[in-house]
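Peer 1: Contents of final.cif (mmCIF, N, CA and C atoms) are given next:
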```cif
data_protein
loop_
_atom_site.label_atom_id
_atom_site.label_comp_id
_atom_site.auth_asym_id
_atom_site.auth_seq_id
_atom_site.Cartn_x
_atom_site.Cartn_y
_atom_site.Cartn_z
N MET Z 11 0.85 -1.16 0.00
CA MET Z 11 0.00 0.00 0.00
C MET Z 11 0.91 1.24 0.00
N THR Z 12 0.64 2.14 -0.91
CA THR Z 12 1.44 3.35 -0.98
C THR Z 12 0.95 4.37 0.05
N ASN Z 13 1.76 5.36 0.31
CA ASN Z 13 1.35 6.44 1.21
C ASN Z 13 0.14 7.19 0.66
N ASP Z 14 0.10 7.35 -0.67
CA ASP Z 14 -1.07 8.00 -1.29
C ASP Z 14 -2.34 7.19 -1.06
N ASP Z 15 -2.22 5.86 -1.22
CA ASP Z 15 -3.38 5.00 -0.96
C ASP Z 15 -3.84 5.14 0.48
N LEU Z 16 -2.90 5.09 1.39
CA LEU Z 16 -3.23 5.19 2.81
C LEU Z 16 -3.89 6.52 3.14
N GLN Z 17 -3.35 7.59 2.60
CA GLN Z 17 -3.92 8.93 2.83
C GLN Z 17 -5.34 9.02 2.29
N ARG Z 18 -5.55 8.48 1.09
CA ARG Z 18 -6.89 8.50 0.49
C ARG Z 18 -7.88 7.71 1.33
N LEU Z 19 -7.47 6.56 1.81
CA LEU Z 19 -8.37 5.73 2.63
C LEU Z 19 -8.63 6.36 3.99
N GLU Z 20 -7.62 7.01 4.56
CA GLU Z 20 -7.80 7.67 5.85
C GLU Z 20 -8.76 8.85 5.75
N ASN Z 21 -8.81 9.49 4.59
CA ASN Z 21 -9.69 10.64 4.40
C ASN Z 21 -11.08 10.28 3.87
N ALA Z 22 -11.29 9.01 3.58
CA ALA Z 22 -12.58 8.57 3.03
C ALA Z 22 -13.68 8.75 4.07
N THR Z 23 -14.87 9.02 3.58
CA THR Z 23 -15.98 9.31 4.49
C THR Z 23 -17.08 8.25 4.52
N ASP Z 24 -17.00 7.23 3.64
CA ASP Z 24 -18.10 6.27 3.62
C ASP Z 24 -17.72 4.80 3.51
N GLY Z 25 -16.49 4.45 3.39
CA GLY Z 25 -16.09 3.05 3.29
C GLY Z 25 -15.93 2.53 1.88
N LEU Z 26 -16.45 3.25 0.90
CA LEU Z 26 -16.36 2.79 -0.49
C LEU Z 26 -14.91 2.68 -0.96
N ALA Z 27 -14.10 3.65 -0.64
CA ALA Z 27 -12.70 3.63 -1.10
C ALA Z 27 -11.96 2.41 -0.54
N ALA Z 28 -12.21 2.08 0.71
CA ALA Z 28 -11.56 0.92 1.32
C ALA Z 28 -12.06 -0.38 0.68
N TYR Z 29 -13.36 -0.45 0.46
CA TYR Z 29 -13.92 -1.64 -0.21
C TYR Z 29 -13.30 -1.80 -1.59
N GLU Z 30 -13.23 -0.72 -2.35
CA GLU Z 30 -12.64 -0.78 -3.68
C GLU Z 30 -11.17 -1.18 -3.62
N TYR Z 31 -10.45 -0.69 -2.61
CA TYR Z 31 -9.04 -1.07 -2.47
C TYR Z 31 -8.93 -2.58 -2.28
N ILE Z 32 -9.76 -3.13 -1.41
CA ILE Z 32 -9.74 -4.58 -1.19
C ILE Z 32 -10.03 -5.31 -2.49
N ALA Z 33 -11.09 -4.93 -3.17
CA ALA Z 33 -11.49 -5.60 -4.41
C ALA Z 33 -10.42 -5.49 -5.50
N ASN Z 34 -9.79 -4.34 -5.60
CA ASN Z 34 -8.81 -4.12 -6.66
C ASN Z 34 -7.42 -4.68 -6.35
N HIS Z 35 -7.17 -5.02 -5.09
CA HIS Z 35 -5.84 -5.51 -4.70
C HIS Z 35 -5.88 -6.89 -4.05
N ILE Z 36 -6.98 -7.60 -4.14
CA ILE Z 36 -7.14 -8.86 -3.43
C ILE Z 36 -6.07 -9.88 -3.78
N ASP Z 37 -5.56 -9.83 -5.00
CA ASP Z 37 -4.56 -10.81 -5.41
C ASP Z 37 -3.16 -10.52 -4.88
N ARG Z 38 -2.96 -9.35 -4.26
CA ARG Z 38 -1.63 -9.01 -3.75
C ARG Z 38 -1.66 -8.31 -2.39
N ILE Z 39 -2.75 -8.43 -1.66
CA ILE Z 39 -2.85 -7.78 -0.37
C ILE Z 39 -2.47 -8.79 0.72
N ASP Z 40 -1.57 -8.40 1.61
CA ASP Z 40 -1.18 -9.30 2.69
C ASP Z 40 -2.10 -9.09 3.89
N ALA Z 41 -2.01 -9.98 4.86
CA ALA Z 41 -2.92 -9.97 6.00
C ALA Z 41 -2.83 -8.67 6.80
N ALA Z 42 -1.62 -8.15 6.99
CA ALA Z 42 -1.46 -6.91 7.76
C ALA Z 42 -2.11 -5.73 7.05
N THR Z 43 -1.90 -5.63 5.75
CA THR Z 43 -2.51 -4.55 4.99
C THR Z 43 -4.02 -4.70 4.95
N LEU Z 44 -4.51 -5.92 4.77
CA LEU Z 44 -5.95 -6.16 4.78
C LEU Z 44 -6.54 -5.73 6.11
N GLY Z 45 -5.87 -6.06 7.20
CA GLY Z 45 -6.35 -5.64 8.52
C GLY Z 45 -6.42 -4.14 8.66
N LYS Z 46 -5.42 -3.44 8.15
CA LYS Z 46 -5.41 -1.98 8.21
C LYS Z 46 -6.53 -1.39 7.36
N VAL Z 47 -6.73 -1.94 6.17
CA VAL Z 47 -7.79 -1.44 5.29
C VAL Z 47 -9.16 -1.69 5.92
N ILE Z 48 -9.33 -2.85 6.55
CA ILE Z 48 -10.60 -3.14 7.23
C ILE Z 48 -10.82 -2.17 8.38
N ASP Z 49 -9.77 -1.85 9.12
CA ASP Z 49 -9.89 -0.84 10.18
C ASP Z 49 -10.41 0.48 9.63
N LEU Z 50 -9.83 0.91 8.51
CA LEU Z 50 -10.23 2.17 7.90
C LEU Z 50 -11.65 2.09 7.34
N LEU Z 51 -11.99 0.96 6.75
CA LEU Z 51 -13.33 0.77 6.22
C LEU Z 51 -14.35 0.87 7.35
N MET Z 52 -14.09 0.17 8.43
CA MET Z 52 -15.05 0.14 9.53
C MET Z 52 -15.16 1.49 10.22
N ARG Z 53 -14.09 2.25 10.24
CA ARG Z 53 -14.14 3.59 10.82
C ARG Z 53 -15.04 4.51 10.01
N ALA Z 54 -15.00 4.35 8.69
CA ALA Z 54 -15.76 5.25 7.81
C ALA Z 54 -17.18 4.75 7.52
N ASP Z 55 -17.41 3.46 7.65
CA ASP Z 55 -18.69 2.86 7.27
C ASP Z 55 -19.68 2.96 8.43
N LEU Z 56 -20.47 4.00 8.42
CA LEU Z 56 -21.36 4.28 9.54
C LEU Z 56 -22.64 3.45 9.57
N ASN Z 57 -23.04 2.87 8.42
CA ASN Z 57 -24.28 2.11 8.40
C ASN Z 57 -24.11 0.63 8.06
N GLY Z 58 -22.88 0.17 7.90
CA GLY Z 58 -22.61 -1.24 7.66
C GLY Z 58 -22.64 -1.70 6.22
N GLN Z 59 -23.00 -0.83 5.32
CA GLN Z 59 -23.14 -1.21 3.92
C GLN Z 59 -21.85 -1.80 3.34
N PHE Z 60 -20.74 -1.13 3.54
CA PHE Z 60 -19.49 -1.58 2.93
C PHE Z 60 -18.85 -2.71 3.73
N SER Z 61 -19.14 -2.78 5.01
CA SER Z 61 -18.68 -3.92 5.81
C SER Z 61 -19.33 -5.20 5.31
N VAL Z 62 -20.63 -5.13 5.05
CA VAL Z 62 -21.35 -6.29 4.50
C VAL Z 62 -20.79 -6.65 3.13
N SER Z 63 -20.61 -5.68 2.27
CA SER Z 63 -20.10 -5.96 0.93
C SER Z 63 -18.72 -6.58 0.98
N ALA Z 64 -17.85 -6.06 1.82
CA ALA Z 64 -16.49 -6.60 1.93
C ALA Z 64 -16.51 -8.02 2.50
N ALA Z 65 -17.36 -8.26 3.50
CA ALA Z 65 -17.46 -9.61 4.07
C ALA Z 65 -17.93 -10.61 3.02
N ARG Z 66 -18.94 -10.22 2.25
CA ARG Z 66 -19.46 -11.10 1.20
C ARG Z 66 -18.39 -11.36 0.14
N TYR Z 67 -17.67 -10.33 -0.24
CA TYR Z 67 -16.62 -10.46 -1.25
C TYR Z 67 -15.51 -11.39 -0.76
N LEU Z 68 -15.01 -11.14 0.45
CA LEU Z 68 -13.93 -11.98 0.98
C LEU Z 68 -14.38 -13.43 1.16
N ASN Z 69 -15.64 -13.62 1.54
CA ASN Z 69 -16.17 -14.97 1.67
C ASN Z 69 -16.23 -15.67 0.32
N ALA Z 70 -16.60 -14.94 -0.72
CA ALA Z 70 -16.66 -15.53 -2.06
C ALA Z 70 -15.26 -15.87 -2.59
N ILE Z 71 -14.27 -15.08 -2.22
CA ILE Z 71 -12.90 -15.31 -2.68
C ILE Z 71 -12.29 -16.53 -1.99
N ASN Z 72 -12.33 -16.53 -0.64
CA ASN Z 72 -11.75 -17.64 0.11
C ASN Z 72 -12.22 -17.57 1.56
N PRO Z 73 -13.28 -18.27 1.90
CA PRO Z 73 -13.83 -18.16 3.26
C PRO Z 73 -12.91 -18.67 4.35
N VAL Z 74 -12.07 -19.62 4.03
CA VAL Z 74 -11.17 -20.18 5.05
C VAL Z 74 -10.01 -19.22 5.32
N ALA Z 75 -9.33 -18.79 4.28
CA ALA Z 75 -8.19 -17.89 4.46
C ALA Z 75 -8.61 -16.53 5.00
N ASN Z 76 -9.83 -16.13 4.70
CA ASN Z 76 -10.32 -14.81 5.12
C ASN Z 76 -11.25 -14.87 6.32
N ALA Z 77 -11.24 -15.96 7.05
CA ALA Z 77 -12.18 -16.15 8.16
C ALA Z 77 -12.10 -15.03 9.21
N GLU Z 78 -10.92 -14.64 9.61
CA GLU Z 78 -10.79 -13.61 10.64
C GLU Z 78 -11.26 -12.25 10.14
N PRO Z 79 -10.83 -11.80 8.96
CA PRO Z 79 -11.35 -10.52 8.45
C PRO Z 79 -12.86 -10.55 8.24
N ILE Z 80 -13.40 -11.67 7.77
CA ILE Z 80 -14.84 -11.78 7.57
C ILE Z 80 -15.55 -11.63 8.91
N ASP Z 81 -15.06 -12.30 9.92
CA ASP Z 81 -15.66 -12.22 11.25
C ASP Z 81 -15.67 -10.78 11.76
N ARG Z 82 -14.57 -10.08 11.61
CA ARG Z 82 -14.49 -8.67 12.04
C ARG Z 82 -15.50 -7.82 11.29
N LEU Z 83 -15.58 -8.01 9.98
CA LEU Z 83 -16.51 -7.22 9.17
C LEU Z 83 -17.96 -7.51 9.53
N VAL Z 84 -18.28 -8.78 9.75
CA VAL Z 84 -19.65 -9.14 10.11
C VAL Z 84 -20.01 -8.52 11.46
N LYS Z 85 -19.12 -8.62 12.43
CA LYS Z 85 -19.38 -8.01 13.74
C LYS Z 85 -19.58 -6.50 13.61
N GLY Z 86 -18.76 -5.87 12.81
CA GLY Z 86 -18.90 -4.43 12.59
C GLY Z 86 -20.21 -4.08 11.92
N ALA Z 87 -20.60 -4.89 10.94
CA ALA Z 87 -21.87 -4.64 10.24
C ALA Z 87 -23.06 -4.80 11.19
N ILE Z 88 -23.00 -5.78 12.05
CA ILE Z 88 -24.09 -5.99 13.01
C ILE Z 88 -24.24 -4.76 13.91
N GLU Z 89 -23.12 -4.21 14.34
CA GLU Z 89 -23.16 -3.04 15.22
C GLU Z 89 -23.67 -1.79 14.50
N ARG Z 90 -23.35 -1.65 13.22
CA ARG Z 90 -23.66 -0.42 12.51
C ARG Z 90 -25.02 -0.42 11.81
N ASP Z 91 -25.47 -1.57 11.37
CA ASP Z 91 -26.69 -1.64 10.56
C ASP Z 91 -27.91 -1.81 11.47
N ARG Z 92 -28.23 -0.77 12.18
CA ARG Z 92 -29.36 -0.81 13.11
C ARG Z 92 -30.71 -0.92 12.42
N GLU Z 93 -30.79 -0.47 11.19
CA GLU Z 93 -32.05 -0.54 10.44
C GLU Z 93 -32.21 -1.85 9.68
N ARG Z 94 -31.24 -2.74 9.79
CA ARG Z 94 -31.26 -4.06 9.14
C ARG Z 94 -31.40 -3.96 7.62
N ARG Z 95 -30.78 -2.96 7.05
CA ARG Z 95 -30.86 -2.78 5.60
C ARG Z 95 -29.89 -3.69 4.85
N TYR Z 96 -28.78 -4.07 5.48
CA TYR Z 96 -27.72 -4.79 4.78
C TYR Z 96 -27.40 -6.15 5.38
N ILE Z 97 -27.51 -6.30 6.70
CA ILE Z 97 -27.03 -7.52 7.34
C ILE Z 97 -27.78 -8.77 6.89
N GLY Z 98 -29.02 -8.63 6.49
CA GLY Z 98 -29.77 -9.80 6.01
C GLY Z 98 -29.11 -10.45 4.80
N ASP Z 99 -28.38 -9.67 4.01
CA ASP Z 99 -27.69 -10.21 2.84
C ASP Z 99 -26.57 -11.17 3.23
N LEU Z 100 -26.10 -11.07 4.46
CA LEU Z 100 -25.03 -11.96 4.90
C LEU Z 100 -25.51 -13.38 5.14
N LEU Z 101 -26.75 -13.56 5.48
CA LEU Z 101 -27.25 -14.88 5.86
C LEU Z 101 -26.97 -15.92 4.78
N GLU Z 102 -27.44 -15.68 3.59
CA GLU Z 102 -27.21 -16.64 2.51
C GLU Z 102 -25.76 -16.60 2.02
N SER Z 103 -25.18 -15.41 1.95
CA SER Z 103 -23.82 -15.27 1.43
C SER Z 103 -22.79 -16.00 2.28
N ILE Z 104 -22.92 -15.90 3.58
CA ILE Z 104 -21.93 -16.49 4.48
C ILE Z 104 -22.32 -17.91 4.90
N TRP Z 105 -23.59 -18.14 5.21
CA TRP Z 105 -24.00 -19.42 5.78
C TRP Z 105 -24.70 -20.35 4.80
N GLY Z 106 -24.90 -19.91 3.55
CA GLY Z 106 -25.43 -20.78 2.52
C GLY Z 106 -26.93 -20.65 2.29
N LYS Z 107 -27.36 -21.17 1.16
CA LYS Z 107 -28.76 -21.07 0.76
C LYS Z 107 -29.69 -21.80 1.73
N ASP Z 108 -29.16 -22.77 2.44
CA ASP Z 108 -29.99 -23.56 3.35
C ASP Z 108 -29.95 -23.05 4.79
N TYR Z 109 -29.55 -21.79 4.97
CA TYR Z 109 -29.42 -21.26 6.33
C TYR Z 109 -30.73 -21.33 7.12
N LYS Z 110 -31.86 -21.18 6.44
CA LYS Z 110 -33.16 -21.23 7.15
C LYS Z 110 -33.41 -22.62 7.73
N GLU Z 111 -33.09 -23.64 6.95
CA GLU Z 111 -33.27 -25.01 7.42
C GLU Z 111 -32.32 -25.35 8.56
N ARG Z 112 -31.16 -24.70 8.58
CA ARG Z 112 -30.15 -24.96 9.61
C ARG Z 112 -30.12 -23.89 10.70
N ALA Z 113 -31.14 -23.06 10.76
CA ALA Z 113 -31.14 -21.92 11.68
C ALA Z 113 -30.92 -22.33 13.14
N ALA Z 114 -31.56 -23.37 13.60
CA ALA Z 114 -31.39 -23.79 14.99
C ALA Z 114 -29.95 -24.20 15.27
N GLU Z 115 -29.37 -24.98 14.38
CA GLU Z 115 -27.98 -25.41 14.52
C GLU Z 115 -27.03 -24.22 14.47
N LEU Z 116 -27.22 -23.34 13.49
CA LEU Z 116 -26.34 -22.18 13.34
C LEU Z 116 -26.49 -21.20 14.50
N THR Z 117 -27.70 -21.04 15.00
CA THR Z 117 -27.93 -20.15 16.13
C THR Z 117 -27.18 -20.64 17.36
N ALA Z 118 -27.15 -21.94 17.53
CA ALA Z 118 -26.47 -22.53 18.69
C ALA Z 118 -24.95 -22.48 18.57
N SER Z 119 -24.44 -22.47 17.35
CA SER Z 119 -22.99 -22.59 17.17
C SER Z 119 -22.28 -21.32 16.70
N ASP Z 120 -23.01 -20.32 16.24
CA ASP Z 120 -22.37 -19.14 15.64
C ASP Z 120 -23.04 -17.87 16.15
N ASP Z 121 -22.32 -17.12 16.96
CA ASP Z 121 -22.89 -15.92 17.56
C ASP Z 121 -23.26 -14.87 16.52
N ASN Z 122 -22.44 -14.71 15.49
CA ASN Z 122 -22.77 -13.73 14.44
C ASN Z 122 -24.07 -14.11 13.74
N PHE Z 123 -24.21 -15.39 13.41
CA PHE Z 123 -25.45 -15.82 12.78
C PHE Z 123 -26.63 -15.55 13.71
N ARG Z 124 -26.50 -15.94 14.97
CA ARG Z 124 -27.59 -15.76 15.92
C ARG Z 124 -28.00 -14.30 16.02
N ARG Z 125 -27.04 -13.39 16.10
CA ARG Z 125 -27.34 -11.96 16.23
C ARG Z 125 -28.06 -11.42 14.99
N ILE Z 126 -27.59 -11.83 13.82
CA ILE Z 126 -28.22 -11.36 12.58
C ILE Z 126 -29.62 -11.96 12.44
N TYR Z 127 -29.71 -13.26 12.62
CA TYR Z 127 -31.00 -13.95 12.45
C TYR Z 127 -32.04 -13.38 13.40
N LYS Z 128 -31.63 -13.11 14.62
CA LYS Z 128 -32.54 -12.55 15.63
C LYS Z 128 -33.06 -11.18 15.22
N ARG Z 129 -32.20 -10.39 14.58
CA ARG Z 129 -32.62 -9.05 14.14
C ARG Z 129 -33.49 -9.09 12.89
N VAL Z 130 -33.13 -9.97 11.97
CA VAL Z 130 -33.85 -10.04 10.71
C VAL Z 130 -35.18 -10.77 10.87
N PHE Z 131 -35.18 -11.82 11.68
CA PHE Z 131 -36.38 -12.63 11.91
C PHE Z 131 -36.68 -12.72 13.41
N PRO Z 132 -37.08 -11.65 14.04
CA PRO Z 132 -37.25 -11.66 15.50
C PRO Z 132 -38.35 -12.61 15.99
N ASP Z 133 -39.28 -12.94 15.15
CA ASP Z 133 -40.38 -13.81 15.58
C ASP Z 133 -40.10 -15.29 15.38
N ARG Z 134 -38.97 -15.64 14.84
CA ARG Z 134 -38.68 -17.06 14.54
C ARG Z 134 -37.85 -17.76 15.61
N LEU Z 135 -37.25 -17.04 16.51
CA LEU Z 135 -36.42 -17.72 17.53
C LEU Z 135 -37.17 -17.95 18.79
#
```
So, in terms of structure tokens, how does the structure I just supplied come out?
Peer 2:
Amino acid sequence: MTNDDLQRLENATDGLAAYEYIANHIDRIDAATLGKVIDLLMRADLNGQFSVSAARYLNAINPVANAEPIDRLVKGAIERDRERRYIGDLLESIWGKDYKERAAELTASDDNFRRIYKRVFPDRL
């Protein structure tokens, strides 16, 4: 990451620049740089939109290698998306098309899933 890139991301106001940096550099971004970019994204992303997008993208690229960054982004999105406009998109993207059938199992084993499912479907738990 160049100093210009870092300056641009530090001055960003909505998380889009950080998300685009991740998407445009995914083939050459190391874990430390990814962590820094996620920090900047989460600082600027006030409603969770870009945290959700980045989590979905990283999960699509490699869910195992990106497990820790995905977890951080999901937790950040849960905290920021109070209106539940974006976090519902994580259910299928992260936990699969059959998440509804496995909701009881996932709720018992995954705190992020439980928190999102409870907010999106409050009458089902």
Peer 1: I want to know what sits within 7 Å of Gly86 (chain Z), based on only N, CA and C atoms, with residues of the same chain fewer than 6 positions away left out; could you give that as a list in words?
Peer 2: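 That gives Met52, Gly58, Ser61 and Val62 of chain Z.
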Peer 1: Could you name the residues that touch region 99-115 of chain Z at 7 Å or less, counting all atoms listed in the file, but leaving out those on the same chain fewer than 5 positions away, as a VMD selection string?
Peer 2: chain Z and resid 62 66 69 to 70 120
Peer 1: Could the residues in this selection be saved with N, CA and C atoms as a PDB file, keeping the file's coordinate frame?
Peer 2:
```pdb
ATOM      1  N   VAL Z  62     -20.630  -5.130   5.050  1.00  0.00           N
ATOM      2  CA  VAL Z  62     -21.350  -6.290   4.500  1.00  0.00           C
ATOM      3  C   VAL Z  62     -20.790  -6.650   3.130  1.00  0.00           C
ATOM      4  N   ARG Z  66     -18.940 -10.220   2.250  1.00  0.00           N
ATOM      5  CA  ARG Z  66     -19.460 -11.100   1.200  1.00  0.00           C
ATOM      6  C   ARG Z  66     -18.390 -11.360   0.140  1.00  0.00           C
ATOM      7  N   ASN Z  69     -15.640 -13.620   1.540  1.00  0.00           N
ATOM      8  CA  ASN Z  69     -16.170 -14.970   1.670  1.00  0.00           C
ATOM      9  C   ASN Z  69     -16.230 -15.670   0.320  1.00  0.00           C
ATOM     10  N   ALA Z  70     -16.600 -14.940  -0.720  1.00  0.00           N
ATOM     11  CA  ALA Z  70     -16.660 -15.530  -2.060  1.00  0.00           C
ATOM     12  C   ALA Z  70     -15.260 -15.870  -2.590  1.00  0.00           C
ATOM     13  N   ASP Z 120     -23.010 -20.320  16.240  1.00  0.00           N
ATOM     14  CA  ASP Z 120     -22.370 -19.140  15.640  1.00  0.00           C
ATOM     15  C   ASP Z 120     -23.040 -17.870  16.150  1.00  0.00           C
TER      16      ASP Z 120
END
```
Peer 1: Mind listing the alpha helix (DSSP H) residues of chain Z, per DSSP on the backbone, as a VMD selection string?
Peer 2: chain Z and resid 13 to 21 26 to 35 41 to 54 59 to 71 77 to 90 98 to 105 113 to 119 121 to 130
Peer 1: Between Z:Ala42, Z:Ile97, Z:Ile80, Z:Leu19, which one has atoms that come closest to Leu68 (chain Z), using all atoms listed in the file?
Peer 2: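 The answer is Z:Ile80, which sits nearest to Leu68 (chain Z).
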Peer 1: For Ala33 (chain Z), which residue out of Z:Arg82, Z:Ala65, Z:Asp91, Z:Lys128 is the nearest one, using only C-alpha atoms?
Peer 2: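 Using only C-alpha atoms, the shortest distance to Ala33 (chain Z) belongs to Z:Ala65.
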Peer 1: How would you write, as a list in words, the residues chosen by the PyMOL selection byres ((chain Z and resi 54) around 5) on this structure?
Peer 2: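 After applying the PyMOL selection byres ((chain Z and resi 54) around 5), what remains is Thr23, Asp24, Gly25, Leu50, Leu51, Met52, Arg53, Asp55 and Leu56 of chain Z.
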Peer 1: Can you tell me, as a VMD selection string, what residues are no more than 8 Å from Leu26 (chain Z) when counting only C-alpha atoms, ignoring any on the same chain fewer than 4 positions away?
Peer 2: chain Z and resid 22 30 51 60
Peer 1: Please write as a CSV table (one decimal) with N, CA and C atoms, keeping the file's coordinate frame the list of polymer residues whose atoms come within 5 Å of (-24.4, -9.4, 14.3), counting only N, CA and C atoms and keeping to the coordinates of the file.
Peer 2:
```csv
chain,number,residue,atom,x,y,z
Z,88,ILE,N,-23.0,-5.8,12.0
Z,88,ILE,CA,-24.1,-6.0,13.0
Z,88,ILE,C,-24.2,-4.8,13.9
Z,122,ASN,N,-22.4,-14.7,15.5
Z,122,ASN,CA,-22.8,-13.7,14.4
Z,122,ASN,C,-24.1,-14.1,13.7
Z,125,ARG,N,-27.0,-13.4,16.1
Z,125,ARG,CA,-27.3,-12.0,16.2
Z,125,ARG,C,-28.1,-11.4,15.0
Z,126,ILE,N,-27.6,-11.8,13.8
Z,126,ILE,CA,-28.2,-11.4,12.6
Z,126,ILE,C,-29.6,-12.0,12.4
```
Peer 1: Expressed in Å to a single decimal, how great is the separation between atom C of Leu16 (chain Z) and CA of Asn72 (chain Z)?
Peer 2: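 A separation of 25.6 Å between them.
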